[in-house]
Amino acid sequence: MDFWQQFGGALNRLGHAYILACPDRETLREGAGFLSAAYVCTSQGRRPCLQCAGCRKAAGGVHPDILEIAPAPDKRDITVEQIRQLRRQAPVLPNEAPRKVFVIDQAHTMNASGQNALLKLLEDGPSYLAFLLLVEYPQQLLPTVRSRCECLFLRPQGAGEEPEQAAAQAAQKLAGLLLAGDEAALAEYAAELERGKWSRESLRSLLDCLEEQLRLQAGERPGRAVPALEQVKRVRRGLACNMGAGHLLGWLAAGTFL
């Protein structure tokens, strides 16, 4: 699988925290391994190079600066105590690499207390820390956690674009255009989306994801986010009336800036 293509520009500007989302757990695990290697890679060229000592240790699961947190074999969930232990490890500097990477597998199994304990690290942790939270869908995590992370959607292995993934990716772009106030670009993208095959369920998923994206970014541009959210609510009512994708997307684009 071409993770260089899937992660795109994220590999050039490795951030502080990512949510990796995919319904296929094997893809998530491989994607997390690839991205973890990028953090500890010592190559001066493209990262991860997959050849240096750091990349080889990452591939073998023995790099001291990549730590994994997952439910214990006899447990269904990640416990609060596991997150507290993670917080105790956080002040310890990396052994070899510039960054220390915490990979939290099945992150959605953290209860609210565990996620809130992690939130303090996401907000105030040392700059050398990096977090990869693995989930099926970002909505499985608390909004406060999602707002501190960048979300990357991975394509499942051996499959085309999943409806949930397509909806989430479209929602991200729509939210950006709505908040930027670029009417022409929004209309053009809405027309592009109209040509897709959107079922009633996939449209509902698109609107759900769009509303979530707008709420996450509302603090940056409240003057644009509030009317955009109101328009999404109006369009959602149109969905209940069984309106088609073309009408709904056109209504979304045209009505937001009136």
# chains A, B, ... in the order shown; residues from 1 in each chain; ligands from 1

call {"tool": "select_by_dssp", "arguments": {"residues": "segment 38-127 of chain A", "states": "helix (DSSP H, G or I)", "output": "JSON, numbers by chain"}}
result
{"A": [38, 39, 40, 53, 54, 55, 56, 57, 58, 59, 60, 80, 81, 82, 83, 84, 85, 86, 87, 88, 89, 107, 108, 109, 112, 113, 114, 115, 116, 117, 118, 119, 120, 121, 122, 123, 124]}

call {"tool": "residues_around", "arguments": {"residues": "Gly45 of chain A", "least_positions_apart": "6", "cutoff": "12 Å", "atoms": "only C-alpha atoms", "output": "PyMOL selection string"}}
result
chain A and resi 11-12+38+51-52

call {"tool": "write_last_selection", "arguments": {"atoms": "C-alpha atoms", "output": "PDB file, in the first residue's frame"}}
result
ATOM      1  CA  LEU A  11       5.222  13.477   6.072  1.00  0.00           C
ATOM      2  CA  ASN A  12       6.884  16.828   5.309  1.00  0.00           C
ATOM      3  CA  ALA A  38       8.864   8.755   9.813  1.00  0.00           C
ATOM      4  CA  GLN A  51      16.491   1.647   5.391  1.00  0.00           C
ATOM      5  CA  CYS A  52      18.176   3.528   8.254  1.00  0.00           C
TER       6      CYS A  52
END

call {"tool": "residues_around", "arguments": {"residues": "segment 182-192 of chain A", "least_positions_apart": "5", "cutoff": "6 Å", "atoms": "only C-alpha atoms", "output": "PyMOL selection string"}}
result
chain A and resi 177+249+253

call {"tool": "write_last_selection", "arguments": {"atoms": "N, CA, C and O atoms", "output": "PDB file, in the first residue's frame"}}
result
ATOM      1  N   LEU A 177     -13.952  25.413   2.631  1.00  0.00           N
ATOM      2  CA  LEU A 177     -14.469  26.373   1.654  1.00  0.00           C
ATOM      3  C   LEU A 177     -15.531  27.271   2.273  1.00  0.00           C
ATOM      4  O   LEU A 177     -15.585  28.475   2.000  1.00  0.00           O
ATOM      5  N   LEU A 249     -26.877  19.808  -2.303  1.00  0.00           N
ATOM      6  CA  LEU A 249     -25.544  20.394  -2.368  1.00  0.00           C
ATOM      7  C   LEU A 249     -25.584  21.792  -2.971  1.00  0.00           C
ATOM      8  O   LEU A 249     -24.857  22.688  -2.546  1.00  0.00           O
ATOM      9  N   ALA A 253     -24.490  25.309  -1.078  1.00  0.00           N
ATOM     10  CA  ALA A 253     -23.543  26.294  -1.633  1.00  0.00           C
ATOM     11  C   ALA A 253     -24.195  27.653  -1.790  1.00  0.00           C
ATOM     12  O   ALA A 253     -23.608  28.683  -1.434  1.00  0.00           O
TER      13      ALA A 253
END

call {"tool": "atom_distance", "arguments": {"atom1": "atom CA of Ala107 of chain A", "atom2": "atom CA of Pro138 of chain A"}}
result
9.8 Å

call {"tool": "closest_residue", "arguments": {"among": "A:Arg155, A:Arg146, A:His16, A:His108", "to": "Leu134 of chain A", "atoms": "only C-alpha atoms"}}
result
A:His108

call {"tool": "closest_residue", "arguments": {"among": "A:Lys100, A:Arg234, A:Arg204, A:Lys120", "to": "Thr144 of chain A", "atoms": "only C-alpha atoms"}}
result
A:Lys120

call {"tool": "residues_around", "arguments": {"residues": "Arg13 of chain A", "least_positions_apart": "5", "cutoff": "12 Å", "atoms": "only C-alpha atoms", "output": "PDB file with C-alpha atoms, in the first residue's frame"}}
result
ATOM      1  CA  PHE A   7      -0.218  10.565   4.132  1.00  0.00           C
ATOM      2  CA  GLY A   8       0.837  13.147   1.563  1.00  0.00           C
ATOM      3  CA  LEU A  35       4.081   7.067  10.248  1.00  0.00           C
ATOM      4  CA  ALA A  38       8.864   8.755   9.813  1.00  0.00           C
ATOM      5  CA  TYR A  39       9.261  10.295  13.280  1.00  0.00           C
ATOM      6  CA  ARG A  46      12.446  11.387   2.110  1.00  0.00           C
ATOM      7  CA  ARG A  47      11.125  10.050   5.388  1.00  0.00           C
ATOM      8  CA  GLU A 150      -5.170  16.326  12.875  1.00  0.00           C
TER       9      GLU A 150
END

call {"tool": "closest_residue", "arguments": {"among": "A:Gln89, A:Gln5, A:Gln140, A:Gln169", "to": "Gln106 of chain A", "atoms": "only C-alpha atoms"}}
result
A:Gln140

call {"tool": "residues_around", "arguments": {"residues": "Glu212 of chain A", "least_positions_apart": "5", "cutoff": "10 Å", "atoms": "only C-alpha atoms", "output": "VMD selection string"}}
result
chain A and resid 139 143 168 171 to 172 175 206 to 207 217 to 218 229

call {"tool": "select_by_dssp", "arguments": {"residues": "segment 70-207 of chain A", "states": "strand (DSSP E or B)", "output": "VMD selection string"}}
result
chain A and resid 100 to 104 129 to 135 150 to 153

call {"tool": "atom_distance", "arguments": {"atom1": "atom CA of Arg224 of chain A", "atom2": "atom CA of Leu174 of chain A"}}
result
12.8 Å

call {"tool": "closest_residue", "arguments": {"among": "A:Arg237, A:Pro91, A:Leu178, A:Gly61", "to": "Ala254 of chain A", "atoms": "only C-alpha atoms"}}
result
A:Leu178

call {"tool": "closest_residue", "arguments": {"among": "A:Leu239, A:Leu14, A:Leu252, A:Leu179", "to": "Arg200 of chain A", "atoms": "only C-alpha atoms"}}
result
A:Leu239

call {"tool": "atom_distance", "arguments": {"atom1": "atom CA of Cys151 of chain A", "atom2": "atom CA of Gln213 of chain A"}}
result
10.7 Å

call {"tool": "closest_residue", "arguments": {"among": "A:Leu86, A:Leu119, A:Glu81, A:Leu133", "to": "Gly31 of chain A", "atoms": "only C-alpha atoms"}}
result
A:Leu133

call {"tool": "residues_around", "arguments": {"residues": "Val80 of chain A", "least_positions_apart": "5", "cutoff": "9 Å", "atoms": "only C-alpha atoms", "output": "PyMOL selection string"}}
result
chain A and resi 85+110-111+113-115+117
